[in-house]
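Below is one structure, written out as structure tokens; the observations come after it.
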Protein chains: 2
Amino acid sequence: METEASHRVFKDRLYGQFARIGKALANPHRLELLELLAQGERTVESLAIEIGVSMANASQHLQSLRDAGLVENRKQGLYVHYRLADESVFILSKGLRTVAERRLAELERLVREHFGDRSDPEPVRMEDLLARARSGLVVILDTRPASEYVAGHIAGALSVPIDDLKKRLRRLPKGKEYVAYCRGPYCVYADRAVELLRKSGRNARRLLDGFPEWKAAGLPVEIEVEE
Amino acid sequence: METEASHRVFKDRLYGQFARIGKALANPHRLELLELLAQGERTVESLAIEIGVSMANASQHLQSLRDAGLVENRKQGLYVHYRLADESVFILSKGLRTVAERRLAELERLVREHFGDRSDPEPVRMEDLLARARSGLVVILDTRPASEYVAGHIAGALSVPIDDLKKRLRRLPKGKEYVAYCRGPYCVYADRAVELLRKSGRNARRLLDGFPEWKAAGLPVEIEVEE
DNA sequence: CAACTAATCAAGTAATCTATAGAATATTTG
DNA sequence: CAAATATTCTATAGATTACTTGATTAGTTG
């Protein structure tokens with residue numbers, strides 16, 4: 001017969017294991033790392049620069065994510081490339097964002113202050129974009145850095161990193177309908193692209209979600225093939 | 001024009017907000033509280049006793065969950081009742097468990113050691129139970145404490161708290177097929193019930209998931225109506 | 001093989017988190 | 001209104017986490 005005490009020991013161990021995952025999510029830098037890694041694998045150095053911490057610090061955070069099983073890495077030459085360990089890790093971080101959006105009034109205020117009114121033009125939903133893309137009416141622009149496009153992008157999308165958009169604007173035909181996307185709902189690249197495109201008299205909207213959400217939804221993606 | 005620095009400030013604030021949720025998930029007791037609250041609302045005292053911590057400590061953890069927006073409370077007389085704030089909170093904690101199951105070898109080992117081989121008899125899946133329940137062939141037993149049954153249970157289930165099962169066994173007809181469920185996959189009540197039922201010569205299996213998963217899947221539930 | 005570089009390690013300090021104990025508060029009950 | 005009770009508050013000590021700095025490791029390149 002199992003005692004009450006031994007049952008408590010089991011539960012403590014059980015929730016101790018679950019808490020390993022929770023602890024990994026308990027730091028803003030680690031959450032930002034997970035979001036960047038959802039775009040595809042990256043090196044420690046590039047992650048450290050992007051999130052604005054020292055390399056030693058980024059390395060430590062990545063290791064604690066690895067200890068919790070959330071990411072994996074591989075060494076290639078001098079560089080160590082990290083990636084999300086599993087699709088479920090993206091689902092988890094998306095779940096965390098969903099709760100934050102629903103429950104934290106301060107988050108909503110923060111986003112409103114930073115982005116202003118994002119409902120004009122109305123963002124496009126993934127299903128709508130899929131339908132329009134099939135009819136060939138719409139040009140899809142991937143505004144993320146080229147390396148992220150290479151690692152995976154919405155099928156049929158053009159790579160137009162936001163910093164290149166200005167000089168490539170002239171070559172984008174008018175009269176078309178544009179939809180820009182980037183890393184996710186809190187990424188600013190697509191908003192900037194839409195602004196530039198509309199100022200130049202083009203019809204443009206942003207995709208509400210980013211590439212990771214598109215991919216997780218099982219919608220068509222492409223990966224750049226190495227020659 | 002937005003500066004790089006101000007963009008960093010925004011991102012730091014943004015991920016700071018997300019991390020509020022992450023921090024709330026970073027403690028084993030808090031995760032256990034969330035799982036108990038997924039069964040329905042409960043008082044501080046009953047939660048403290050169940051998870052084996054002092055009332056002051058339980059109160060503090062519940063308050064930090066509330067500060068993160070994960071739970072809400074209401075005061076009734078001397079008692080403060082806490083409940084999950086939103087369906088999305090259960091989805092999040094389920095996502096966390098899924099990642100732990102997939103990624104932590106130690107968790108699998110722990111569960112195997114404690115439960116032994118759980119595949120004989122094979123647990124029933126929710127869809128299967130739904131189909132069998134409709135055909136009226138199966139008796140569904142809710143083995144959780146009565147208070148949790150009252151707060152919500154699988155439609156048509158009988159309340160047979162695990163501690164009462166022994167003395168109620170005689171009144172359960174033989175020749176029927178029984179399916180027992182409880183709080184979730186790591187809850188032991190249903191396993192114990194299945195063991196008792198089978199020892200007495202009855203045909204019994206456990207439901208793989210618990211009540212919260214059933215409810216979250218949108219399957220039919222009932223709530224005890226107060227007279 | 002020497003110089004260089006990406007990444008990690010190790011140690012120290014500051015900050016944060018956790019549990020405890022005892023006091024304080026709010027509400028009910030006799 | 002006094003006693004009892006559920007909960008919260010406050011202060012504190014100990015544990016854990018986070019970031020920095022400088023050294024070390026592993027791999028590349030000339």
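Ordered as shown in the structure tokens, chains take letters A, B, and onward, while each chain numbers its residues from 1 and ligands are numbered from 1 in the order shown.
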Report as a tab-separated table the residues of chain B within 7 Å of chain A, each with its shortest atom pair and distance in Å (one decimal), using only C-alpha atoms, ordered by chain and increasing residue number.
```
residue	atom	partner	partner_atom	distance
B:Leu14	CA	A:Leu107	CA	6.9
B:Tyr15	CA	A:Pro28	CA	4.8
B:Gly16	CA	A:Pro28	CA	5.3
B:Gln17	CA	A:Leu107	CA	6.2
B:Phe18	CA	A:Ala100	CA	6.0
B:Ala19	CA	A:Pro28	CA	5.1
B:Ile21	CA	A:Ala100	CA	6.6
B:Gly22	CA	A:Ala26	CA	4.2
B:Lys23	CA	A:Ala26	CA	4.1
B:Leu25	CA	A:Gly22	CA	4.7
B:Ala26	CA	A:Lys23	CA	4.1
B:Asn27	CA	A:Ala19	CA	5.5
B:Pro28	CA	A:Tyr15	CA	4.8
B:Leu31	CA	A:Tyr15	CA	6.8
B:Glu32	CA	A:Tyr15	CA	6.6
B:Gly69	CA	A:Arg103	CA	5.3
B:Ser88	CA	A:Val99	CA	5.8
B:Val89	CA	A:Val99	CA	6.2
B:Ile91	CA	A:Gly95	CA	6.9
B:Leu92	CA	A:Gly95	CA	5.1
B:Gly95	CA	A:Leu92	CA	5.1
B:Leu96	CA	A:Leu92	CA	6.1
B:Arg97	CA	A:Phe18	CA	6.4
B:Val99	CA	A:Ser88	CA	5.8
B:Ala100	CA	A:Phe18	CA	6.0
B:Arg103	CA	A:Gly69	CA	5.3
B:Leu104	CA	A:Gly69	CA	6.5
B:Leu107	CA	A:Gln17	CA	6.2
```
12 Å contact set for C:DG22, only C-alpha atoms (C1' of nucleotides), chain neighbours under 6 positions out, as a ChimeraX atom specification
/B:56 /D:9-12
Atoms to include: C-alpha atoms (C1' of nucleotides). Write the selected residues as an mmCIF file, in the first residue's frame.
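Output below, filename out_31.cif:
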```
data_model
loop_
_atom_site.group_PDB
_atom_site.id
_atom_site.type_symbol
_atom_site.label_atom_id
_atom_site.label_comp_id
_atom_site.auth_asym_id
_atom_site.auth_seq_id
_atom_site.Cartn_x
_atom_site.Cartn_y
_atom_site.Cartn_z
ATOM 1 C CA ALA B 56 0.553 31.695 4.322
ATOM 2 C "C1'" DC D 9 0.684 41.152 5.585
ATOM 3 C "C1'" DT D 10 5.460 41.984 7.192
ATOM 4 C "C1'" DA D 11 10.050 40.989 8.093
ATOM 5 C "C1'" DT D 12 13.775 37.977 7.564
#
```
Let's see if you can do this: from backbone DSSP, list all alpha helix (DSSP H) residues in chain B, as an NGL selection string.
:B and (4-24 or 28-37 or 44-51 or 55-67 or 87-103 or 105-115 or 126-134 or 146-151 or 162-168 or 189-199 or 211-216)
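Those residues of chain A that fall within 9 Å of chain D when using only C-alpha atoms (C1' of nucleotides) read A:Asn57, A:Gly77, A:Leu78.
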Written selection (C-alpha atoms) as a CSV table (one decimal), in the first residue's frame:
```
chain,number,residue,atom,x,y,z
A,57,ASN,CA,25.2,36.0,-21.2
A,77,GLY,CA,33.4,25.0,-37.3
A,78,LEU,CA,33.7,27.9,-34.9
```
Per DSSP on the backbone, filter stretch 55-217 of chain B down to the residues in strand (DSSP E) and report them as a count of residues only.
30
How far is it from atom CA of B:Val179 to atom CA of B:Arg205, in Å with one decimal?
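If I compute the distance from atom CA of B:Val179 to atom CA of B:Arg205, I get 5.1 Å.
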Expected answer as an MDAnalysis selection string: chain C residues within 8 Å of chain A, only C-alpha atoms (C1' of nucleotides)
chainID C and resid 5:8
